[in-house]
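Here is the file entry35.txt (compact mmCIF, C-alpha atoms).
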# COMPACT_ATOMS: atom_id res chain seq x y z
CA MET A 7 -36.21 -1.10 48.83
CA TRP A 8 -33.08 1.06 49.25
CA ASN A 9 -31.00 -1.41 47.19
CA ASN A 10 -33.56 -1.21 44.40
CA ILE A 11 -33.39 2.62 44.42
CA LYS A 12 -29.58 2.45 44.38
CA ARG A 13 -29.56 0.05 41.43
CA THR A 14 -32.02 2.28 39.52
CA ILE A 15 -29.91 5.40 40.17
CA LEU A 16 -26.74 3.57 39.06
CA THR A 17 -28.49 2.35 35.90
CA GLY A 18 -29.47 5.95 35.14
CA ILE A 19 -25.90 7.17 35.77
CA PHE A 20 -24.39 4.49 33.52
CA ALA A 21 -26.87 5.43 30.80
CA ILE A 22 -26.34 9.20 30.97
CA VAL A 23 -22.54 9.43 31.57
CA PRO A 24 -21.51 8.10 28.11
CA LEU A 25 -24.09 10.39 26.49
CA VAL A 26 -22.88 13.48 28.40
CA LEU A 27 -19.22 12.69 27.70
CA THR A 28 -19.94 12.14 24.00
CA LEU A 29 -21.82 15.44 23.76
CA ASN A 30 -19.00 17.27 25.60
CA ILE A 31 -16.35 15.78 23.29
CA LEU A 32 -18.41 16.65 20.19
CA ASN A 33 -18.96 20.18 21.56
CA PHE A 34 -15.20 20.53 22.19
CA LEU A 35 -14.34 19.32 18.67
CA PHE A 36 -17.05 21.57 17.20
CA ARG A 37 -15.58 24.65 18.93
CA ILE A 38 -11.98 23.73 18.00
CA LEU A 39 -12.77 23.09 14.33
CA ASP A 40 -15.09 26.08 14.14
CA GLY A 41 -12.32 28.26 15.61
CA PHE A 42 -9.81 27.31 12.91
CA SER A 43 -11.73 29.31 10.34
CA ALA A 44 -12.44 32.28 12.63
CA PRO A 45 -10.00 34.62 10.77
CA ILE A 46 -11.69 33.86 7.41
CA LEU A 47 -15.16 34.34 8.88
CA LYS A 48 -14.01 37.65 10.40
CA ILE A 49 -13.00 38.88 6.95
CA ILE A 50 -16.34 37.75 5.49
CA GLY A 51 -18.10 39.67 8.26
CA PHE A 52 -20.65 37.12 9.45
CA HIS A 53 -20.66 33.89 11.38
CA ILE A 54 -22.94 30.89 10.98
CA PRO A 55 -22.46 28.12 13.58
CA GLY A 56 -20.90 25.13 11.87
CA LEU A 57 -19.64 27.09 8.87
CA GLY A 58 -16.16 27.09 10.40
CA ILE A 59 -16.17 23.27 10.51
CA LEU A 60 -17.22 23.10 6.85
CA LEU A 61 -14.48 25.55 5.84
CA THR A 62 -11.90 23.63 7.92
CA ILE A 63 -12.83 20.29 6.30
CA ILE A 64 -12.69 21.87 2.82
CA THR A 65 -9.30 23.48 3.63
CA VAL A 66 -7.85 20.19 4.92
CA TYR A 67 -9.22 18.34 1.87
CA VAL A 68 -7.74 20.89 -0.55
CA LEU A 69 -4.42 20.73 1.34
CA GLY A 70 -4.46 16.94 0.96
CA LEU A 71 -5.11 17.26 -2.78
CA VAL A 72 -2.27 19.77 -3.14
CA ILE A 73 0.23 17.63 -1.20
CA ARG A 74 -0.67 14.53 -3.23
CA ASN A 75 0.18 16.48 -6.37
CA VAL A 76 3.84 16.41 -7.51
CA ILE A 77 4.25 20.20 -7.41
CA GLY A 78 2.37 20.40 -4.09
CA ARG A 79 4.65 17.73 -2.60
CA LYS A 80 7.71 19.72 -3.64
CA LEU A 81 6.28 22.94 -2.18
CA PHE A 82 5.40 21.15 1.06
CA SER A 83 8.90 19.62 1.26
CA TRP A 84 10.41 23.06 0.63
CA GLY A 85 8.31 24.61 3.41
CA GLU A 86 9.12 21.69 5.71
CA GLY A 87 12.83 22.17 4.96
CA ILE A 88 12.62 25.79 6.10
CA LEU A 89 10.76 24.71 9.24
CA LEU A 90 13.48 22.16 10.03
CA THR A 91 16.17 24.86 10.05
CA ILE A 92 14.69 26.41 13.21
CA PRO A 93 16.41 24.64 16.17
CA VAL A 94 13.59 24.20 18.73
CA VAL A 95 10.82 23.89 16.12
CA LYS A 96 12.87 21.24 14.28
CA THR A 97 13.05 18.96 17.35
CA ILE A 98 9.36 19.26 18.21
CA TYR A 99 8.15 18.94 14.61
CA LYS A 100 10.29 15.90 13.77
CA ASN A 101 9.28 14.01 16.92
CA VAL A 102 5.57 14.78 16.56
CA LYS A 103 5.57 13.91 12.85
CA GLN A 104 7.45 10.65 13.39
CA PHE A 105 5.13 9.64 16.23
CA ILE A 106 1.96 10.37 14.28
CA SER A 107 3.38 8.62 11.23
CA ALA A 108 4.08 5.53 13.32
CA PHE A 109 0.36 5.16 13.99
CA SER A 110 -0.80 6.11 10.52
CA GLY A 111 1.80 4.02 8.70
CA THR A 112 2.70 6.89 6.37
CA THR A 113 6.48 6.77 6.80
CA ASP A 114 8.76 4.52 4.78
CA GLY A 115 9.70 1.71 7.13
CA LYS A 116 9.45 3.88 10.25
CA ASN A 117 5.98 2.86 11.35
CA PHE A 118 5.09 0.07 13.76
CA GLN A 119 6.17 -3.20 12.18
CA MET A 120 4.03 -5.70 14.04
CA VAL A 121 2.07 -6.44 17.20
CA ILE A 122 3.59 -8.72 19.83
CA PHE A 123 2.81 -9.89 23.33
CA LEU A 124 5.33 -9.78 26.16
CA GLN A 125 5.12 -10.78 29.81
CA TYR A 126 4.78 -7.54 31.79
CA PRO A 127 4.58 -6.40 34.60
CA ARG A 128 5.32 -9.96 35.75
CA LYS A 129 5.66 -13.44 34.35
CA GLY A 130 2.29 -14.90 33.38
CA VAL A 131 0.70 -11.49 32.69
CA TRP A 132 0.70 -10.52 29.01
CA THR A 133 0.91 -7.02 27.55
CA LEU A 134 0.35 -5.93 23.97
CA ALA A 135 3.22 -3.98 22.37
CA PHE A 136 4.34 -2.68 18.98
CA VAL A 137 7.69 -3.55 17.40
CA THR A 138 9.52 -0.44 16.16
CA GLY A 139 12.86 -2.01 15.24
CA GLU A 140 15.37 -4.80 15.84
CA SER A 141 18.99 -5.16 16.96
CA ILE A 142 21.53 -7.77 17.98
CA ASP A 143 23.96 -7.72 20.92
CA GLY A 144 27.61 -8.81 21.08
CA ASN A 145 26.63 -12.38 21.99
CA GLY A 146 24.34 -12.76 18.98
CA MET A 147 21.11 -12.30 20.97
CA ASP A 148 18.29 -10.85 18.85
CA TYR A 149 16.24 -8.04 20.37
CA TYR A 150 13.01 -6.29 19.50
CA HIS A 151 12.76 -2.53 20.00
CA VAL A 152 9.30 -2.24 21.49
CA PHE A 153 6.82 0.51 22.26
CA VAL A 154 4.42 -0.47 25.06
CA PRO A 155 1.33 1.79 24.87
CA THR A 156 -0.99 2.77 27.71
CA THR A 157 -4.78 2.34 27.67
CA PRO A 158 -6.88 4.10 26.44
CA ASN A 159 -4.33 6.56 24.99
CA PRO A 160 -1.91 4.69 22.71
CA THR A 161 0.17 7.82 22.09
CA SER A 162 1.68 7.54 25.58
CA GLY A 163 3.71 4.63 26.87
CA PHE A 164 7.33 3.56 27.18
CA PHE A 165 10.14 2.05 25.14
CA ILE A 166 12.00 -1.18 25.97
CA MET A 167 14.42 -3.57 24.28
CA ILE A 168 13.53 -7.21 24.86
CA PRO A 169 14.99 -10.53 23.62
CA LYS A 170 12.85 -11.90 20.78
CA GLN A 171 12.61 -15.27 22.52
CA GLU A 172 10.76 -13.63 25.43
CA THR A 173 7.97 -12.35 23.19
CA MET A 174 5.15 -13.86 21.20
CA ILE A 175 4.15 -12.56 17.77
CA SER A 176 0.40 -11.95 17.50
CA GLU A 177 -1.64 -12.43 14.34
CA MET A 178 -3.16 -8.96 14.69
CA SER A 179 -2.47 -6.07 12.35
CA VAL A 180 -1.15 -2.80 13.80
CA GLU A 181 -4.58 -1.22 13.29
CA GLU A 182 -6.26 -4.05 15.22
CA GLY A 183 -3.67 -3.69 17.97
CA ILE A 184 -4.34 0.04 18.30
CA LYS A 185 -8.10 -0.60 18.44
CA MET A 186 -7.53 -3.15 21.19
CA VAL A 187 -5.47 -0.68 23.24
CA ILE A 188 -7.92 2.22 22.80
CA SER A 189 -10.91 0.04 23.73
CA GLY A 190 -9.13 -1.39 26.78
CA GLY A 191 -9.50 -4.88 25.33
CA LEU A 192 -13.21 -4.57 24.48
CA ILE A 193 -12.42 -4.82 20.78
CA ALA A 194 -10.24 -7.92 20.71
CA PRO A 195 -10.18 -11.36 19.09
CA PRO A 196 -12.24 -13.88 21.09
CA GLU A 197 -9.32 -16.34 21.10
CA ASN A 198 -5.59 -15.95 21.65
CA ALA A 199 -2.60 -18.27 21.25
CA LEU A 200 -0.82 -17.38 24.50
CA ASP A 201 -1.07 -21.00 25.66
CA LYS A 202 1.36 -21.94 22.88
CA PHE A 203 4.18 -19.85 24.33
CA PRO A 204 6.95 -22.14 25.66
CA VAL A 205 7.22 -21.92 29.45
Let's see the structure in the file written out as structure tokens.
Amino acid sequence: MWNNIKRTILTGIFAIVPLVLTLNILNFLFRILDGFSAPILKIIGFHIPGLGILLTIITVYVLGLVIRNVIGRKLFSWGEGILLTIPVVKTIYKNVKQFISAFSGTTDGKNFQMVIFLQYPRKGVWTLAFVTGESIDGNGMDYYHVFVPTTPNPTSGFFIMIPKQETMISEMSVEEGIKMVISGGLIAPPENALDKFPV
């Protein structure tokens, strides 16, 4: 009897928690996006819930159109150049931009190159990682520069350099790899080729 009640309560919790979290996240995003246009709405003199989101989306879209234009690109580069002359702002801006670009693939050759598997935290346990570069040591050993992301937030993690021979190249695209990390492995290919790695 008590076990049945417990199971029913747990079923209810598992059903409502995702819904509550989703609503909270949507509410948070709604308030953030709505707040972006608060100064414009203040000038207009009235506020309609959701109008801020619409204005923000339109503003971002127009900004995208402008930047894609040749003149807009030059203006943006000019403004970015001024921003990069400010010491502290320069460091923060460059790092944030490079990191975001790595996931979006918008930089020229500076985004994640491929998805690999490496044995971490111990031999026999495989971890997904993204190759960011390559190098060679004085003995001719080839290394991958690797970013190992954390789940479910792929923007945090750590950097390592590992011999190529100790890794296995996956057949996944970077986008598929990111989806796999964010989902905690829920969105992943049903089969893997890890058995083919030489022991």
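Residues in contact range of region 149-158 of chain A, defined as at most 6 Å between all atoms listed in the file, with sequence neighbours fewer than 2 positions away removed, read A:Ala135, A:Phe136, A:Val137, A:Thr138, A:Gly139, A:Glu140, A:Ser141, A:Ile142, A:Pro160, A:Ser162, A:Gly163, A:Phe164, A:Phe165, A:Ile166, A:Met167, A:Ile168, A:Pro169, A:Lys170, A:Val187, A:Ile188, A:Gly190.
Taking CA of Gly130 (chain A) and CA of Glu177 (chain A) as endpoints, the distance between them is 19.6 Å.
Picture a line from CA of Ile64 (chain A) to CA of Ile184 (chain A); it runs 28.0 Å.
One distance worth recording is that between CA of Ile175 (chain A) and CA of Phe123 (chain A), which is 6.3 Å.
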Nearest to Ser176 (chain A), restricted to all atoms listed in the file and choosing among A:Val95, A:Val131, A:Ile15, A:Leu124, comes out as A:Leu124
Would you pick out the contacts of region 199-203 of chain A at 9 Å or less, using all atoms listed in the file, so that residues sharing its chain but fewer than 2 positions from it are not included, and give the list as JSON, numbers by chain? {"A": [123, 132, 173, 174, 176, 197, 205]}
Okay, now the selection with C-alpha atoms, as a JSON list (two decimals), in the frame of the given file?
[["chain", "number", "residue", "atom", "x", "y", "z"],
["A", 123, "PHE", "CA", 2.81, -9.89, 23.33],
["A", 132, "TRP", "CA", 0.70, -10.52, 29.01],
["A", 173, "THR", "CA", 7.97, -12.35, 23.19],
["A", 174, "MET", "CA", 5.15, -13.86, 21.20],
["A", 176, "SER", "CA", 0.40, -11.95, 17.50],
["A", 197, "GLU", "CA", -9.32, -16.34, 21.10],
["A", 205, "VAL", "CA", 7.22, -21.92, 29.45]]
